[in-house]
Amino acid sequence: MKNKYIIIPVFAFLLSMLLYSCEKNAVQIIDVPVSGAQLKFFNFGVNAPIVNFYANDTKVSAALSATGSESSTTGVAYGAVYPSVNSYAVIAPGTYNFKGQRPSTVSTDANLAISTLNTSVQEGKNYSLYLSGIYNASAKTIESFIVEDVLPPVDTSGGYVRFVHAISNANPFNLVLKNTTTGAETVVATNIAYKSASSFVKVPFGIYELYCRYPNSSTNVISRNGTSAVSVIKANTYTFSIRGDMTVTSTTATNRPFIDNTPNR
């Protein structure tokens, strides 16, 4: 399956012979492999406002704009991922201060960085950066962490899945997949703690219910089943992440514990 990459402006000069120029807030999507480090950005901080993601002072996530003006409403909202499709943003390798930053056009807290994370990214590697935990409305801060996405080779005989834990007030979990046709259960991740990720595991293609259980327990603590069951397609790779607040018991609240399904490719 062909990967798509989103190139941020600081990297665009390397492609000047291939792409038309664009204004400062735009991004480019191309279908050919490129050099650099590849990143996905998750706003999974409970109650966090809309943000744009920056690497130092260069915007990595942005809506296409015909005017050059930043949108106050188009950013990465809680529960959203950028890029949202099975692609990555591409930046030059190096050490960055990654920021989740409020848009410049909002009436309150314009350009405020609610989260910062200083870390290095390497050539040819893939990463996922998460805003996580529960937003501190007084300090106007949220936690963040980054994990490497060690993508397996493309395999047409099955799909690959992994588990990322982004709920700050939850204990470590196992992730269990239940095939909706056979009823067979497979434990794909064991004892994964907050701000941690499991390795990618191969599973047969099919439709699965997802269950988070505490180690040595058969009780489903977080579930994704019924009409929310997920399809694992052969040759594809998926990240199942948990977000939310474990104290919320509503089954419909936005900030309830939830299992997200994001394709990596």
# chains A, B, ... in the order shown; residues from 1 in each chain; ligands from 1

$ closest_atom_pairs --of "segment 63-174 of chain A" --to "segment 49-58 of chain A" --cutoff "8 Å" --atoms "only C-alpha atoms" --output "JSON lines"
{"residue": "A:Thr73", "atom": "CA", "partner": "A:Ile50", "partner_atom": "CA", "distance": 7.5}
{"residue": "A:Thr74", "atom": "CA", "partner": "A:Ile50", "partner_atom": "CA", "distance": 7.9}
{"residue": "A:Gly75", "atom": "CA", "partner": "A:Asn52", "partner_atom": "CA", "distance": 5.5}
{"residue": "A:Val76", "atom": "CA", "partner": "A:Ile50", "partner_atom": "CA", "distance": 5.4}
{"residue": "A:Ala77", "atom": "CA", "partner": "A:Ile50", "partner_atom": "CA", "distance": 4.3}
{"residue": "A:Tyr78", "atom": "CA", "partner": "A:Ile50", "partner_atom": "CA", "distance": 6.7}
{"residue": "A:Tyr96", "atom": "CA", "partner": "A:Asn56", "partner_atom": "CA", "distance": 5.6}
{"residue": "A:Asn97", "atom": "CA", "partner": "A:Asn56", "partner_atom": "CA", "distance": 4.9}
{"residue": "A:Phe98", "atom": "CA", "partner": "A:Ala55", "partner_atom": "CA", "distance": 4.6}
{"residue": "A:Lys99", "atom": "CA", "partner": "A:Tyr54", "partner_atom": "CA", "distance": 5.0}
{"residue": "A:Gly100", "atom": "CA", "partner": "A:Phe53", "partner_atom": "CA", "distance": 4.7}
{"residue": "A:Gln101", "atom": "CA", "partner": "A:Val51", "partner_atom": "CA", "distance": 5.0}
{"residue": "A:Arg102", "atom": "CA", "partner": "A:Val51", "partner_atom": "CA", "distance": 4.6}
{"residue": "A:Pro103", "atom": "CA", "partner": "A:Val51", "partner_atom": "CA", "distance": 6.2}

$ select_by_dssp --residues "segment 45-169 of chain A" --states "strand (DSSP E or B)" --output "NGL selection string"
:A and (46 or 51-55 or 58-59 or 76 or 81-82 or 87-91 or 94-101 or 113-121 or 126-136 or 141-149 or 159-165)

$ residues_around --residues "segment 152-166 of chain A" --least-positions-apart "3" --cutoff "8 Å" --atoms "only C-alpha atoms" --output "PyMOL selection string"
chain A and resi 1+44+130+132-133+172-173+175+188-189+192-205+232-244

$ closest_residue --among "A:Tyr127, A:Tyr82, A:Tyr135, A:Tyr208" --to "Gly183 of chain A" --atoms "only C-alpha atoms"
A:Tyr208

$ residues_around --residues "Ser228 of chain A" --least-positions-apart "2" --cutoff "10 Å" --atoms "only C-alpha atoms" --output "count of residues only"
10

$ residues_around --residues "Asn43 of chain A" --least-positions-apart "4" --cutoff "6 Å" --atoms "only C-alpha atoms" --output "PDB file with all heavy atoms, in the first residue's frame"
ATOM      1  N   TYR A  78      -9.741  18.111  20.408  1.00  0.00           N
ATOM      2  CA  TYR A  78      -9.664  16.928  21.258  1.00  0.00           C
ATOM      3  C   TYR A  78     -10.231  15.716  20.521  1.00  0.00           C
ATOM      4  O   TYR A  78     -11.303  15.775  19.919  1.00  0.00           O
ATOM      5  CB  TYR A  78     -10.429  17.139  22.562  1.00  0.00           C
ATOM      6  CG  TYR A  78     -10.533  15.875  23.385  1.00  0.00           C
ATOM      7  CD1 TYR A  78      -9.387  15.289  23.917  1.00  0.00           C
ATOM      8  CD2 TYR A  78     -11.748  15.246  23.593  1.00  0.00           C
ATOM      9  CE1 TYR A  78      -9.455  14.112  24.653  1.00  0.00           C
ATOM     10  CE2 TYR A  78     -11.835  14.078  24.330  1.00  0.00           C
ATOM     11  CZ  TYR A  78     -10.685  13.506  24.858  1.00  0.00           C
ATOM     12  OH  TYR A  78     -10.761  12.337  25.576  1.00  0.00           O
ATOM     13  N   GLY A  79      -9.509  14.625  20.580  1.00  0.00           N
ATOM     14  CA  GLY A  79      -9.932  13.391  19.934  1.00  0.00           C
ATOM     15  C   GLY A  79      -9.510  13.276  18.491  1.00  0.00           C
ATOM     16  O   GLY A  79      -9.738  12.236  17.871  1.00  0.00           O
ATOM     17  N   ALA A  80      -8.874  14.322  17.947  1.00  0.00           N
ATOM     18  CA  ALA A  80      -8.491  14.313  16.537  1.00  0.00           C
ATOM     19  C   ALA A  80      -7.004  13.999  16.377  1.00  0.00           C
ATOM     20  O   ALA A  80      -6.211  14.121  17.302  1.00  0.00           O
ATOM     21  CB  ALA A  80      -8.823  15.651  15.889  1.00  0.00           C
ATOM     22  N   LEU A 131      -0.763  14.655  22.888  1.00  0.00           N
ATOM     23  CA  LEU A 131      -1.199  15.408  24.055  1.00  0.00           C
ATOM     24  C   LEU A 131      -2.049  14.441  24.866  1.00  0.00           C
ATOM     25  O   LEU A 131      -2.907  13.743  24.316  1.00  0.00           O
ATOM     26  CB  LEU A 131      -2.027  16.633  23.664  1.00  0.00           C
ATOM     27  CG  LEU A 131      -1.356  17.692  22.780  1.00  0.00           C
ATOM     28  CD1 LEU A 131      -2.229  18.932  22.729  1.00  0.00           C
ATOM     29  CD2 LEU A 131       0.041  18.037  23.247  1.00  0.00           C
TER      30      LEU A 131
END

$ decode --residues "segment 63-186 of chain A" --atoms "C-alpha atoms" --output "short mmCIF file (atom, residue, chain, number, x, y, z; two decimals), in the first residue's frame"
data_model
loop_
_atom_site.label_atom_id
_atom_site.label_comp_id
_atom_site.auth_asym_id
_atom_site.auth_seq_id
_atom_site.Cartn_x
_atom_site.Cartn_y
_atom_site.Cartn_z
CA ALA A 63 -5.38 23.81 7.30
CA LEU A 64 -5.00 24.77 3.67
CA SER A 65 -5.68 28.50 3.32
CA ALA A 66 -6.32 30.68 0.29
CA THR A 67 -5.55 33.90 2.18
CA GLY A 68 -2.56 33.06 4.36
CA SER A 69 -4.57 33.80 7.51
CA GLU A 70 -4.68 31.15 10.20
CA SER A 71 -8.11 29.80 11.07
CA SER A 72 -9.26 30.11 14.67
CA THR A 73 -11.50 27.08 14.37
CA THR A 74 -9.55 24.76 12.10
CA GLY A 75 -6.91 23.03 14.16
CA VAL A 76 -6.50 19.71 15.92
CA ALA A 77 -9.37 19.39 18.38
CA TYR A 78 -9.66 16.93 21.26
CA GLY A 79 -9.93 13.39 19.93
CA ALA A 80 -8.49 14.31 16.54
CA VAL A 81 -5.31 13.21 14.79
CA TYR A 82 -3.11 15.01 12.27
CA PRO A 83 -2.67 13.85 9.56
CA SER A 84 -6.05 12.14 9.85
CA VAL A 85 -5.47 9.66 7.02
CA ASN A 86 -2.86 6.91 6.82
CA SER A 87 -0.01 9.35 6.31
CA TYR A 88 2.61 11.30 8.24
CA ALA A 89 3.95 14.83 8.40
CA VAL A 90 7.60 14.92 7.33
CA ILE A 91 10.30 17.10 8.88
CA ALA A 92 14.09 17.20 8.78
CA PRO A 93 15.71 15.00 11.44
CA GLY A 94 17.01 16.78 14.53
CA THR A 95 16.12 17.98 18.02
CA TYR A 96 12.95 20.02 18.35
CA ASN A 97 10.78 21.71 20.92
CA PHE A 98 7.42 20.29 19.87
CA LYS A 99 4.49 22.44 20.96
CA GLY A 100 0.74 22.20 21.04
CA GLN A 101 -0.06 25.86 20.50
CA ARG A 102 -3.29 27.83 20.41
CA PRO A 103 -4.10 29.47 17.04
CA SER A 104 -2.97 33.05 16.57
CA THR A 105 -6.50 34.25 15.82
CA VAL A 106 -8.33 33.09 18.95
CA SER A 107 -9.60 35.81 21.27
CA THR A 108 -8.07 34.23 24.40
CA ASP A 109 -4.60 32.73 24.82
CA ALA A 110 -3.54 33.39 21.23
CA ASN A 111 -0.24 31.62 20.42
CA LEU A 112 -0.08 30.10 23.90
CA ALA A 113 1.79 26.79 24.02
CA ILE A 114 -0.24 24.52 26.30
CA SER A 115 2.25 21.69 25.95
CA THR A 116 5.95 21.44 25.08
CA LEU A 117 8.16 18.41 24.54
CA ASN A 118 11.85 18.61 23.69
CA THR A 119 13.04 15.52 21.87
CA SER A 120 14.98 14.28 18.86
CA VAL A 121 13.60 12.57 15.76
CA GLN A 122 15.72 10.57 13.37
CA GLU A 123 16.00 10.14 9.64
CA GLY A 124 13.74 7.42 8.25
CA LYS A 125 11.85 6.80 11.49
CA ASN A 126 8.16 7.25 12.26
CA TYR A 127 6.74 8.74 15.46
CA SER A 128 3.44 9.54 17.16
CA LEU A 129 3.24 12.53 19.51
CA TYR A 130 0.33 12.68 21.96
CA LEU A 131 -1.20 15.41 24.05
CA SER A 132 -2.50 13.36 26.97
CA GLY A 133 -3.85 13.43 30.48
CA ILE A 134 -6.34 16.04 31.70
CA TYR A 135 -6.08 19.71 30.78
CA ASN A 136 -5.18 22.00 33.69
CA ALA A 137 -7.47 24.97 33.08
CA SER A 138 -5.72 27.12 35.69
CA ALA A 139 -2.16 26.55 34.52
CA LYS A 140 -3.35 26.12 30.91
CA THR A 141 -1.15 23.09 30.40
CA ILE A 142 -1.49 19.51 29.23
CA GLU A 143 0.93 16.58 29.28
CA SER A 144 2.57 15.11 26.19
CA PHE A 145 4.72 12.17 25.14
CA ILE A 146 6.14 10.63 21.99
CA VAL A 147 6.50 7.00 20.88
CA GLU A 148 8.34 5.54 17.93
CA ASP A 149 6.20 3.77 15.33
CA VAL A 150 8.33 0.77 14.35
CA LEU A 151 6.25 -0.18 11.32
CA PRO A 152 6.47 -3.82 10.18
CA PRO A 153 7.05 -4.78 6.55
CA VAL A 154 3.94 -4.81 4.39
CA ASP A 155 2.37 -8.27 4.73
CA THR A 156 -0.55 -9.26 2.53
CA SER A 157 -1.37 -12.28 4.71
CA GLY A 158 -2.66 -10.20 7.62
CA GLY A 159 -2.77 -6.84 9.37
CA TYR A 160 -0.70 -5.39 12.20
CA VAL A 161 -1.98 -3.67 15.35
CA ARG A 162 -0.48 -2.08 18.45
CA PHE A 163 -1.74 -0.40 21.63
CA VAL A 164 -0.92 3.06 23.07
CA HIS A 165 -1.99 4.10 26.58
CA ALA A 166 -2.84 7.83 26.86
CA ILE A 167 -5.15 7.89 29.94
CA SER A 168 -3.31 9.48 32.87
CA ASN A 169 -5.63 8.20 35.62
CA ALA A 170 -5.72 4.57 34.48
CA ASN A 171 -3.62 1.61 35.54
CA PRO A 172 -1.72 -0.50 32.98
CA PHE A 173 -3.94 -2.44 30.58
CA ASN A 174 -3.95 -5.48 28.37
CA LEU A 175 -5.58 -5.08 24.95
CA VAL A 176 -7.71 -7.97 23.73
CA LEU A 177 -9.10 -8.40 20.22
CA LYS A 178 -12.18 -10.60 19.74
CA ASN A 179 -12.95 -11.82 16.23
CA THR A 180 -16.67 -11.17 15.60
CA THR A 181 -16.95 -14.20 13.31
CA THR A 182 -15.09 -16.89 15.24
CA GLY A 183 -15.34 -15.47 18.74
CA ALA A 184 -11.64 -16.12 19.23
CA GLU A 185 -9.84 -13.72 21.57
CA THR A 186 -6.23 -12.61 21.10
#
